[in-house]
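Asks: As input, take final_27.cif (mmCIF, C-alpha atoms):
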data_input
#
loop_
_atom_site.label_atom_id
_atom_site.label_comp_id
_atom_site.auth_asym_id
_atom_site.auth_seq_id
_atom_site.Cartn_x
_atom_site.Cartn_y
_atom_site.Cartn_z
CA MET A 91 167.15 124.02 126.08
CA VAL A 92 165.38 120.79 125.17
CA THR A 93 161.72 121.03 124.33
CA ALA A 94 159.62 118.00 125.05
CA VAL A 95 157.84 116.66 122.04
CA GLN A 96 154.21 116.02 122.74
CA PRO A 97 152.95 112.78 121.19
CA VAL A 98 150.37 113.21 118.49
CA VAL A 99 147.16 111.33 119.29
CA LEU A 100 145.10 110.43 116.27
CA ALA A 101 141.36 110.50 116.83
CA SER A 102 139.97 107.06 116.33
CA PRO A 103 136.91 106.80 114.12
CA ARG A 104 133.63 106.67 115.91
CA PRO A 105 132.65 103.03 116.37
CA ARG A 106 129.75 101.94 114.24
CA PRO A 107 126.76 100.61 116.17
CA ARG A 108 126.64 96.84 116.13
CA ALA A 109 124.16 95.35 113.67
CA ALA A 110 123.35 98.84 112.38
CA ALA A 111 121.83 97.41 109.21
CA VAL A 112 118.96 95.78 111.12
CA ARG A 113 118.04 98.70 113.38
CA HIS A 114 114.94 99.52 111.34
CA LEU A 115 114.12 95.93 110.35
CA GLY A 116 110.55 95.56 111.55
CA PRO A 117 108.29 92.50 111.87
CA ASN A 118 106.65 93.45 108.57
CA TRP A 119 109.58 91.80 106.80
CA TYR A 120 108.10 88.38 107.56
CA ALA A 121 105.61 89.18 104.80
CA THR A 122 108.36 88.31 102.32
CA VAL A 123 108.39 84.74 103.65
CA MET A 124 104.61 84.47 103.61
CA GLY A 125 104.29 85.86 100.11
CA THR A 126 106.97 83.53 98.78
CA ALA A 127 105.65 80.38 100.46
CA VAL A 128 102.09 80.90 99.21
CA VAL A 129 103.31 80.97 95.60
CA ALA A 130 104.50 77.39 96.08
CA THR A 131 101.46 76.19 98.04
CA ALA A 132 98.91 77.71 95.69
CA GLY A 133 100.71 76.40 92.61
CA ALA A 134 100.69 72.85 93.95
CA GLY A 135 96.88 72.76 94.11
CA LEU A 136 96.03 74.17 90.70
CA PRO A 137 93.54 72.12 88.68
CA ALA A 138 95.60 72.71 85.52
CA ARG A 139 98.69 70.52 85.11
CA VAL A 140 101.53 72.58 83.68
CA PRO A 141 104.80 70.77 82.90
CA GLY A 142 107.55 71.86 85.28
CA LEU A 143 105.18 73.83 87.53
CA ARG A 144 105.58 71.54 90.54
CA THR A 145 109.38 71.68 90.28
CA ALA A 146 109.24 75.47 90.09
CA CYS A 147 106.96 75.56 93.13
CA ALA A 148 109.39 73.36 95.05
CA ALA A 149 112.19 75.78 94.18
CA VAL A 150 110.14 78.75 95.37
CA TRP A 151 109.31 76.93 98.60
CA THR A 152 113.02 76.27 99.13
CA LEU A 153 113.61 80.01 98.79
CA SER A 154 111.02 80.68 101.50
CA LEU A 155 112.66 78.04 103.68
CA LEU A 156 115.99 79.86 103.35
CA LEU A 157 114.43 83.27 103.97
CA LEU A 158 112.78 82.19 107.23
CA PRO A 159 115.92 81.44 109.33
CA ALA A 160 117.70 84.44 107.79
CA LEU A 161 114.92 86.77 108.97
CA LEU A 162 114.68 85.07 112.35
CA ALA A 163 118.41 85.67 112.87
CA ALA A 164 118.16 89.28 111.70
CA ARG A 165 115.22 89.95 114.00
CA ALA A 166 117.09 88.34 116.90
CA ALA A 167 120.02 90.70 116.22
CA HIS A 168 117.54 93.57 116.11
CA TRP A 169 116.20 92.73 119.56
CA ARG A 170 119.69 92.16 120.98
CA HIS A 171 121.44 95.28 119.70
CA HIS A 172 118.54 97.72 119.23
CA ARG A 173 116.18 96.95 122.06
CA ASP A 174 115.02 100.56 122.24
CA GLN A 175 113.84 100.42 118.65
CA ALA A 176 112.26 97.00 119.19
CA ARG A 177 110.29 98.32 122.15
CA ALA A 178 109.25 101.33 120.09
CA HIS A 179 107.84 98.93 117.47
CA VAL A 180 105.83 97.15 120.16
CA LEU A 181 104.41 100.45 121.41
CA ASP A 182 103.59 101.66 117.91
CA PRO A 183 99.99 100.77 116.94
CA ALA A 184 100.97 100.91 113.25
CA THR A 185 103.80 98.36 113.65
CA VAL A 186 102.87 95.88 116.38
CA PRO A 187 100.08 94.16 114.34
CA PHE A 188 102.80 92.91 111.98
CA TYR A 189 103.88 90.43 114.67
CA GLY A 190 101.06 88.31 113.28
CA CYS A 191 103.21 87.93 110.17
CA LEU A 192 105.75 85.91 112.16
CA ALA A 193 103.15 83.28 113.00
CA MET A 194 101.85 83.13 109.43
CA ALA A 195 105.36 82.86 108.02
CA LEU A 196 106.12 79.85 110.22
CA VAL A 197 102.88 78.06 109.34
CA ALA A 198 103.10 78.93 105.64
CA VAL A 199 106.59 77.46 105.26
CA GLY A 200 105.53 74.36 107.19
CA GLY A 201 102.46 73.88 105.01
CA GLY A 202 104.58 74.26 101.90
CA ALA A 203 106.80 71.44 103.12
CA LEU A 204 103.91 68.98 102.86
CA ALA A 205 102.50 70.53 99.69
CA VAL A 206 105.66 70.49 97.52
CA GLY A 207 108.74 70.35 99.75
CA ARG A 208 108.36 66.61 100.30
CA ASP A 209 109.39 66.08 96.67
CA TRP A 210 112.89 67.27 97.59
CA ILE A 211 113.32 66.46 101.31
CA GLY A 212 111.14 63.36 101.62
CA THR A 213 107.79 62.82 103.28
CA ASP A 214 109.12 62.03 106.76
CA ALA A 215 111.25 65.18 106.90
CA ALA A 216 108.39 67.26 105.49
CA VAL A 217 105.95 65.97 108.13
CA ALA A 218 108.45 66.65 110.93
CA LEU A 219 109.21 70.15 109.65
CA ASP A 220 105.54 70.97 109.19
CA ALA A 221 104.68 69.71 112.68
CA VAL A 222 107.38 71.83 114.33
CA LEU A 223 106.56 75.00 112.39
CA PHE A 224 102.81 74.46 112.79
CA CYS A 225 103.07 74.20 116.58
CA ALA A 226 105.43 77.17 116.83
CA GLY A 227 103.39 79.33 114.46
CA THR A 228 100.10 78.48 116.14
CA GLY A 229 101.51 79.38 119.56
CA VAL A 230 102.86 82.69 118.28
CA GLY A 231 99.61 83.38 116.45
CA LEU A 232 97.45 82.83 119.53
CA ALA A 233 99.77 85.01 121.60
CA ALA A 234 99.60 87.80 118.99
CA ALA A 235 95.81 87.51 118.71
CA VAL A 236 95.56 88.24 122.43
CA ALA A 237 98.52 90.55 123.09
CA VAL A 238 98.12 92.95 120.17
CA PRO A 239 94.45 93.88 120.83
CA TYR A 240 95.30 94.18 124.52
CA LEU A 241 98.14 96.61 123.81
CA MET A 242 95.96 98.60 121.45
CA ALA A 243 93.26 98.91 124.12
CA VAL A 244 95.50 99.60 127.12
CA ARG A 245 98.73 101.22 125.92
CA HIS A 246 98.27 102.63 122.43
CA ARG A 247 95.11 104.74 122.83
CA VAL A 248 94.19 104.49 119.16
CA GLU A 249 91.34 106.41 117.57
CA PRO A 250 88.77 105.21 115.00
CA GLY A 251 90.40 107.37 112.34
CA GLN A 252 93.62 105.37 112.67
CA ALA A 253 92.01 102.05 111.72
CA THR A 254 93.67 100.26 108.81
CA PRO A 255 93.50 96.69 107.44
CA VAL A 256 96.84 96.08 109.17
CA TRP A 257 94.83 95.59 112.37
CA LEU A 258 93.56 92.31 110.92
CA LEU A 259 97.00 90.66 110.77
CA PRO A 260 97.19 89.24 114.31
CA LEU A 261 93.59 88.03 114.01
CA VAL A 262 94.16 86.20 110.72
CA ALA A 263 97.15 84.22 112.03
CA PRO A 264 95.00 81.52 113.74
CA MET A 265 93.04 81.11 110.50
CA VAL A 266 96.27 80.25 108.65
CA SER A 267 96.88 77.53 111.23
CA ALA A 268 93.29 76.32 110.81
CA ALA A 269 93.81 75.91 107.07
CA SER A 270 97.22 74.23 107.37
CA GLY A 271 96.63 71.89 110.32
CA PRO A 272 94.23 69.44 108.61
CA HIS A 273 97.01 68.34 106.25
CA LEU A 274 98.80 66.85 109.26
CA VAL A 275 95.75 64.83 110.34
CA PRO A 276 96.41 61.76 108.12
CA TYR A 277 99.88 61.38 109.64
CA LEU A 278 98.51 61.02 113.19
CA PRO A 279 97.25 57.79 114.78
CA ALA A 280 93.59 57.13 114.08
CA GLY A 281 91.14 58.00 116.82
CA GLN A 282 91.60 60.63 119.50
CA ALA A 283 94.74 62.22 118.01
CA ARG A 284 93.15 62.90 114.63
CA GLU A 285 89.89 64.12 116.10
CA THR A 286 91.66 66.43 118.53
CA LEU A 287 93.71 68.10 115.81
CA LEU A 288 90.73 68.46 113.47
CA PHE A 289 88.49 70.02 116.11
CA ALA A 290 91.35 72.22 117.34
CA CYS A 291 91.70 73.57 113.82
CA PHE A 292 87.95 74.12 113.71
CA ALA A 293 88.22 76.09 116.97
CA LEU A 294 91.02 78.21 115.47
CA PHE A 295 88.75 78.81 112.48
CA GLY A 296 85.94 80.08 114.70
CA LEU A 297 88.26 82.18 116.84
CA SER A 298 89.75 83.98 113.87
CA LEU A 299 86.47 84.33 111.98
CA LEU A 300 84.58 85.93 114.86
CA ALA A 301 87.46 88.27 115.68
CA THR A 302 87.64 89.31 112.02
CA LEU A 303 83.89 89.96 111.92
CA VAL A 304 84.35 92.30 114.88
CA MET A 305 87.29 94.20 113.39
CA LEU A 306 86.31 94.37 109.71
CA PRO A 307 83.38 96.82 110.22
CA VAL A 308 85.76 99.20 112.01
CA VAL A 309 88.13 99.12 109.03
CA PHE A 310 85.32 99.54 106.50
CA ALA A 311 83.78 102.42 108.48
CA ARG A 312 87.16 104.18 108.55
CA LEU A 313 87.45 103.80 104.78
CA VAL A 314 83.96 105.14 104.08
CA THR A 315 83.83 107.97 106.61
CA GLY A 316 87.50 108.94 106.78
CA GLY A 317 88.33 108.93 103.09
CA PRO A 318 91.05 106.97 101.24
CA LEU A 319 94.02 105.62 103.14
CA PRO A 320 97.43 107.32 102.84
CA LEU A 321 99.21 106.37 99.64
CA ALA A 322 101.75 104.10 101.34
CA LEU A 323 98.99 102.19 103.16
CA THR A 324 96.65 101.77 100.20
CA PRO A 325 98.02 98.29 99.25
CA THR A 326 97.02 97.04 102.71
CA LEU A 327 93.41 97.01 101.50
CA PHE A 328 94.27 93.64 99.97
CA LEU A 329 94.89 92.27 103.47
CA VAL A 330 91.13 91.93 103.87
CA LEU A 331 91.26 89.12 101.29
CA GLY A 332 93.40 87.09 103.70
CA PRO A 333 90.70 85.98 106.17
CA LEU A 334 88.21 85.53 103.32
CA GLY A 335 90.34 83.25 101.17
CA GLN A 336 91.99 81.48 104.08
CA SER A 337 88.69 80.66 105.79
CA THR A 338 87.35 79.19 102.54
CA THR A 339 90.53 77.14 102.26
CA ALA A 340 90.11 75.97 105.85
CA VAL A 341 86.54 74.68 105.52
CA GLY A 342 87.56 72.90 102.33
CA ALA A 343 90.44 71.21 104.17
CA PHE A 344 88.09 70.15 106.98
CA ALA A 345 85.78 68.45 104.48
CA GLU A 346 88.65 66.65 102.77
CA VAL A 347 90.05 64.97 105.89
CA ALA A 348 86.72 64.47 107.71
CA PRO A 349 85.90 61.03 106.19
CA THR A 350 88.89 59.47 107.97
CA VAL A 351 88.22 61.21 111.28
CA VAL A 352 84.51 61.63 112.05
CA SER A 353 81.35 59.70 111.30
CA ALA A 354 79.73 59.73 107.87
CA PRO A 355 76.89 62.16 108.83
CA ASP A 356 79.37 64.62 110.34
CA SER A 357 81.58 64.28 107.29
CA ARG A 358 78.68 65.15 104.99
CA VAL A 359 77.87 68.19 107.12
CA LEU A 360 81.43 69.47 106.74
CA ALA A 361 81.29 68.86 102.98
CA VAL A 362 78.09 70.92 102.74
CA LEU A 363 79.63 73.62 104.94
CA ALA A 364 82.61 73.89 102.60
CA VAL A 365 80.29 74.89 99.76
CA LEU A 366 77.63 76.88 101.62
CA TYR A 367 80.27 78.94 103.41
CA GLY A 368 82.86 79.19 100.65
CA VAL A 369 80.64 80.36 97.79
CA PRO A 370 79.28 83.58 99.40
CA VAL A 371 82.59 84.39 101.10
CA MET A 372 84.49 84.13 97.83
CA GLY A 373 81.82 86.32 96.25
CA PHE A 374 82.52 89.00 98.84
CA ALA A 375 86.25 88.51 98.23
CA LEU A 376 85.65 89.30 94.55
CA LEU A 377 83.77 92.46 95.50
CA TRP A 378 86.52 93.58 97.89
CA SER A 379 89.28 92.84 95.39
CA CYS A 380 87.60 95.16 92.88
CA LEU A 381 87.26 97.89 95.52
CA ALA A 382 90.90 97.51 96.60
CA THR A 383 92.12 97.53 93.00
CA VAL A 384 90.32 100.78 92.24
CA HIS A 385 91.88 102.39 95.33
CA VAL A 386 95.36 101.17 94.35
CA VAL A 387 95.00 102.50 90.80
CA ARG A 388 93.95 105.87 92.20
CA ALA A 389 96.87 105.91 94.63
CA ARG A 390 99.31 104.91 91.89
CA ARG A 391 98.16 107.81 89.74
CA ALA A 392 98.62 110.09 92.74
CA GLY A 393 102.28 109.06 93.02
CA MET A 394 102.29 105.97 95.26
CA GLY A 395 105.82 104.55 95.30
CA PHE A 396 107.13 101.19 96.38
CA THR A 397 107.08 100.32 100.06
CA MET A 398 107.03 97.03 101.93
CA THR A 399 103.23 97.27 102.03
CA TRP A 400 103.29 96.06 98.41
CA TRP A 401 103.76 92.54 99.81
CA ALA A 402 100.03 92.73 100.58
CA PHE A 403 99.56 91.94 96.88
CA THR A 404 100.94 88.41 97.42
CA PHE A 405 99.78 86.35 100.40
CA PRO A 406 96.13 87.53 100.51
CA VAL A 407 95.77 86.89 96.78
CA GLY A 408 97.36 83.47 97.30
CA THR A 409 94.70 82.58 99.89
CA CYS A 410 92.02 83.42 97.33
CA VAL A 411 93.76 81.04 94.90
CA THR A 412 93.68 78.20 97.44
CA GLY A 413 90.08 79.06 98.34
CA ALA A 414 89.01 78.89 94.68
CA GLU A 415 90.91 75.60 94.32
CA ALA A 416 89.01 74.15 97.30
CA LEU A 417 85.66 75.19 95.82
CA ALA A 418 86.65 73.73 92.45
CA ARG A 419 87.38 70.36 94.10
CA HIS A 420 84.14 70.30 96.09
CA THR A 421 81.80 71.58 93.39
CA GLY A 422 83.51 70.29 90.24
CA LEU A 423 82.67 73.57 88.51
CA VAL A 424 84.91 75.06 85.85
CA ALA A 425 83.63 78.41 87.10
CA TYR A 426 86.03 78.04 90.03
CA GLU A 427 88.89 76.35 88.17
CA ALA A 428 89.31 79.26 85.77
CA PRO A 429 89.46 81.95 88.50
CA ALA A 430 91.97 79.84 90.41
CA VAL A 431 94.30 79.73 87.41
CA GLY A 432 93.77 83.41 86.60
CA LEU A 433 94.39 84.52 90.18
CA TYR A 434 97.53 82.40 90.29
CA VAL A 435 98.88 84.23 87.25
CA VAL A 436 98.16 87.51 89.03
CA LEU A 437 99.87 86.18 92.16
CA VAL A 438 103.04 85.13 90.35
CA THR A 439 103.22 88.45 88.49
CA ALA A 440 102.74 90.45 91.69
CA TRP A 441 105.33 88.36 93.53
CA ALA A 442 107.92 88.83 90.77
CA VAL A 443 107.41 92.60 90.70
CA VAL A 444 107.43 93.04 94.49
CA ALA A 445 110.40 90.72 94.97
CA ALA A 446 112.41 92.62 92.35
CA HIS A 447 111.66 95.96 94.04
CA THR A 448 112.60 94.48 97.42
CA VAL A 449 115.94 93.17 96.17
CA ARG A 450 116.67 96.53 94.58
CA GLY A 451 115.81 98.30 97.83
CA LEU A 452 118.07 95.96 99.81
CA VAL A 453 121.00 96.46 97.46
CA SER A 454 120.65 100.24 97.69
CA ALA A 455 120.02 99.97 101.49
CA GLU A 456 116.99 102.24 101.02
CA LEU A 457 114.56 99.79 102.61
CA LEU A 458 116.73 99.43 105.71
CA ALA A 459 117.24 103.16 106.21
CA ALA A 460 115.55 105.14 108.94
CA PRO A 461 112.01 106.20 108.03
CA ARG A 462 111.78 109.73 106.73
CA PRO A 463 110.00 112.21 109.00
CA ALA A 464 106.59 113.25 107.86
CA PRO A 465 106.46 116.72 106.26
CA ALA A 466 105.43 119.51 108.59
CA ALA A 467 101.83 120.53 108.36
CA PRO A 468 101.20 124.00 106.91
CA ARG A 469 100.71 126.73 109.47
CA PRO A 470 97.01 127.37 109.94
CA ALA A 471 95.77 130.79 108.93
CA THR A 472 94.65 133.04 111.79
CA GLY A 473 92.95 136.39 111.90
CA ARG A 474 96.23 138.13 112.76
CA THR A 475 98.30 136.50 110.04
CA THR A 476 95.56 136.96 107.46
CA SER A 477 95.06 140.64 108.20
CA GLY A 478 98.83 141.15 108.28
CA ALA A 479 99.19 139.57 104.88
CA VAL A 480 96.41 141.78 103.50
CA ARG A 481 98.11 144.93 104.87
CA ARG A 482 101.44 143.88 103.34
CA ARG A 483 99.81 143.26 99.98
CA GLY A 484 98.10 146.63 100.25
CA ARG A 485 101.37 148.44 100.99
CA THR A 486 103.01 146.68 98.07
CA ALA A 487 100.20 147.68 95.75
CA ASP A 488 100.31 151.30 96.98
CA ARG A 489 103.92 151.65 95.94
CA GLY A 490 102.85 151.69 92.31
CA ARG A 491 100.00 154.16 92.79
CA PRO A 492 100.18 157.95 92.49
CA PRO A 493 100.20 159.76 95.88
CA GLY A 494 96.68 161.05 95.42
CA ARG A 495 95.26 157.63 94.67
CA ARG A 496 96.70 155.63 97.55
CA ARG A 497 94.20 153.73 99.61
CA ARG A 498 93.31 155.17 102.99
#
Transcribe the structure of this file into C-alpha cells.

Replies:
Amino acid sequence: MVTAVQPVVLASPRPRPRAAAVRHLGPNWYATVMGTAVVATAGAGLPARVPGLRTACAAVWTLSLLLLPALLAARAAHWRHHRDQARAHVLDPATVPFYGCLAMALVAVGGGALAVGRDWIGTDAAVALDAVLFCAGTGVGLAAAVAVPYLMAVRHRVEPGQATPVWLLPLVAPMVSAASGPHLVPYLPAGQARETLLFACFALFGLSLLATLVMLPVVFARLVTGGPLPLALTPTLFLVLGPLGQSTTAVGAFAEVAPTVVSAPDSRVLAVLAVLYGVPVMGFALLWSCLATVHVVRARRAGMGFTMTWWAFTFPVGTCVTGAEALARHTGLVAYEAPAVGLYVVLVTAWAVVAAHTVRGLVSAELLAAPRPAPAAPRPATGRTTSGAVRRRGRTADRGRPPGRRRR
C-alpha cells in the first residue's frame, strides 16, 4: 500500500506594514527644521562679529535645508500608507495645531537662504528658493490659521481645561511670514510690487497679532486656574515667546525696508513703531521667559523626561534673539546687543542638547514608537468599598485579640 506524502507548507512570515517606521511620525517633527533654521538666521544678525560664525551658520542652514525634504517625504509616506493615523492626528486637538509647524519650517528655511545660504548657493538661487518657500509657507500658514480653529470649534469639542500653548502654533505661522517677507522686497521691481509685498506682510502681522491676543488669555487662564501643565507639555510654555519675538522682528524688518518703498513720513512712522512696539513686547517676553523657566525647572525636578516638546526651547528663543537684534539696530543701545548675544548662546546650547536627544531617540527607534497608553486612574473610593475595607481590617485585627476582647 502506497501512502501519499502530504507536502509540508511552511507558514510565511507576516508581512510588515509598509512604511511602518513613519506610522507615528506627526507634524510636530517639523519643529526640528524650524529650530535648526533659526540657529542660522539668528546667528547671521548678531551685533558681535565672531570669526567663523557665519560659516558655521551657513552649515547649520544647510542641515535644515536637507532636513526639510526628508521630512516632507516621510510625511507623504505617512499619509499614503497610514491614512487612518493621519486622520486621527487631524481629529486630535492636541496634534492638529502642529500643522502650523509645516508653514513655519518652509518660511524659516527660505529666510535662512537669504540670510546666510546665499554665501554658498549664490544670491540668485537664494532669492528663488526663498520666494518659492515663502509663498508655499504663507499659503499653508493661512490655511492652518483658518482650518485648525475651525476644527477645534466644530469637530474637537475642546474644553477650557485642555488649553495649552500649542494652540498658538497655527496662529503664529502668518507672523513668521510677516517677518521673513520684507527681506524679499529689495529684489522686486520698484513701485507697486514692493508696496504690495510690504503691506501684505503688514496685514499678516496684524492677522497673527490679533489672533494671538485672543488666544493668549485662554492659555494664561488655564495655567493660573488649572494648575501646572503635565510634565511632557511644560516645555511648550516657551511657545508663547514665538509671537512676541517674531512680531518684534517683523516691525523691525518693516522699518528697515520702508525707505525704499513708501514715502519719508510713512517710513519714519514705521521706524517709530519698531521701537514703541518692540520695547514693551520684549519686556513681556522677558517676564514670560522667567515664568516658563521656573515651570520647567519644577517639572524637571518632578521627573520630566525628554520628548519632542523640548524643541520648544529652540525656535521661540531664536525669535527673541532676532527681536533683540532688531531693537539693537534701531535704538543703538548696548542694552539690547548684550541680551541678543546671551540669548543666542542659550539658543545654541538648547539646540545642541535637544538635537543630541533626538538623534539618540531616532537611533533607538523610541521616538518613532507608538505612544504609551496613559496609566489608569485609581478607582475612586465609595461608601461600599470604604466600609468593606474597614470591616476587613477589623476582622484582621480581631484575629490577634482574645475571644473576650473581640469587637462587637

Asks: Nearest to Phe403 (chain A) among A:Leu156, A:Val453, A:Ala127, A:Val444, with distances taken over only C-alpha atoms: which residue is it?

Replies: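 Of all the options, A:Val444 lies closest to Phe403 (chain A).
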
Asks: Could you please determine the separation between CA of Pro159 (chain A) and CA of Gly413 (chain A) in Å, to one decimal place?

Replies: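 That distance, rounded to one decimal, is 28.2 Å.
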
Asks: I would like the residues chosen by the PyMOL selection byres ((chain A and resi 125) around 9) on the shown file; could you give them as a compact mmCIF listing (two decimals) with C-alpha atoms, in the coordinates of the input?

Replies:
# COMPACT_ATOMS: atom_id res chain seq x y z
CA TYR A 120 108.10 88.38 107.56
CA ALA A 121 105.61 89.18 104.80
CA THR A 122 108.36 88.31 102.32
CA VAL A 123 108.39 84.74 103.65
CA MET A 124 104.61 84.47 103.61
CA THR A 126 106.97 83.53 98.78
CA ALA A 127 105.65 80.38 100.46
CA VAL A 128 102.09 80.90 99.21
CA VAL A 129 103.31 80.97 95.60
CA SER A 154 111.02 80.68 101.50
CA ALA A 195 105.36 82.86 108.02
CA ALA A 198 103.10 78.93 105.64
CA TRP A 401 103.76 92.54 99.81
CA ALA A 402 100.03 92.73 100.58
CA PHE A 403 99.56 91.94 96.88
CA THR A 404 100.94 88.41 97.42
CA PHE A 405 99.78 86.35 100.40
CA PRO A 406 96.13 87.53 100.51
CA GLY A 408 97.36 83.47 97.30
CA TRP A 441 105.33 88.36 93.53

Asks: I'd like to see the residues matched by the PyMOL selection byres ((chain A and resi 299-311) around 9) on this file, and ideally I'd get them as an MDAnalysis selection string.

Replies: chainID A and resid 235 250 253:255 257:258 261:262 265 294:298 312:316 330 333:334 337

Asks: CA of Phe188 (chain A) and CA of Val266 (chain A), how far apart in Å?

Replies: 14.6 Å

Asks: What does the structure give for the distance between CA of Val438 (chain A) and CA of Ala322 (chain A), in Å to one decimal?

Replies: 22.0 Å

Asks: If the PyMOL selection byres ((chain A and resi 180) around 12) were run on this exact file, what residues would it hold? Put them as a PyMOL selection string.

Replies: chain A and resi 116-117+169+173-179+181-189+234+237-242+245-246

Asks: Restrict the calculation to all atoms listed in the file, then for each residue of region 391-454 of chain A with any atom at most 10 Å from an atom of region 363-377 of chain A give the closest atom pair and their distance in Å to one decimal, rows by chain and rising residue number, as a tab-separated table.

Replies:
residue	atom	partner	partner_atom	distance
A:Val407	CA	A:Ala375	CA	9.8
A:Cys410	CA	A:Met372	CA	7.6
A:Gly413	CA	A:Met372	CA	7.6
A:Ala414	CA	A:Met372	CA	7.6
A:Ala416	CA	A:Ala364	CA	8.3
A:Leu417	CA	A:Val365	CA	6.7
A:Ala418	CA	A:Val365	CA	9.8
A:His420	CA	A:Val365	CA	7.0
A:Thr421	CA	A:Val365	CA	7.3
A:Tyr426	CA	A:Val369	CA	9.7

Asks: So, counting all atoms listed in the file, which residue among A:Leu331, A:Ala111, A:Arg247, A:Ala283 is closest to Cys380 (chain A)?

Replies: A:Leu331

Asks: Up to 12 Å from (96.8, 111.0, 94.8) in the file's coordinates: name the residues, counting only C-alpha atoms, as an MDAnalysis selection string.

Replies: chainID A and resid 318:322 324 385:395

Asks: How big is the axis-aligned box around all listed atoms of region 311-314 of chain A once 3 Å goes on each side, and where's its centre, in Å to one decimal, as JSON?

Replies:
{"center_x": 85.6, "center_y": 103.8, "center_z": 106.3, "size_x": 9.7, "size_y": 8.7, "size_z": 10.5}

Asks: So that I can see what lies close to Val352 (chain A), please list as a list in words the residues with an atom at most 10 Å from it, counting all atoms listed in the file and leaving out residues fewer than 4 positions away in the same chain.

Replies: Gly281, Arg284, Glu285, Leu288, Val347, Ala348, Asp356, Ser357, Arg358 and Leu360 of chain A

Asks: Residues as selected, C-alpha atoms, written as a PDB file, in the coordinates of the input, can you do that?

Replies:
ATOM      1  CA  GLY A 281      91.140  58.000 116.820  1.00  0.00           C
ATOM      2  CA  ARG A 284      93.150  62.900 114.630  1.00  0.00           C
ATOM      3  CA  GLU A 285      89.890  64.120 116.100  1.00  0.00           C
ATOM      4  CA  LEU A 288      90.730  68.460 113.470  1.00  0.00           C
ATOM      5  CA  VAL A 347      90.050  64.970 105.890  1.00  0.00           C
ATOM      6  CA  ALA A 348      86.720  64.470 107.710  1.00  0.00           C
ATOM      7  CA  ASP A 356      79.370  64.620 110.340  1.00  0.00           C
ATOM      8  CA  SER A 357      81.580  64.280 107.290  1.00  0.00           C
ATOM      9  CA  ARG A 358      78.680  65.150 104.990  1.00  0.00           C
ATOM     10  CA  LEU A 360      81.430  69.470 106.740  1.00  0.00           C
TER      11      LEU A 360
END

Asks: Is there a way to get, as a PyMOL selection string, all residues within 12 Å of the point (98.4, 71.6, 93.2) in file coordinates, counting all atoms listed in the file?

Replies: chain A and resi 128-140+143-148+202+204-206+411-412+414-416+418-419+427+430-431+434
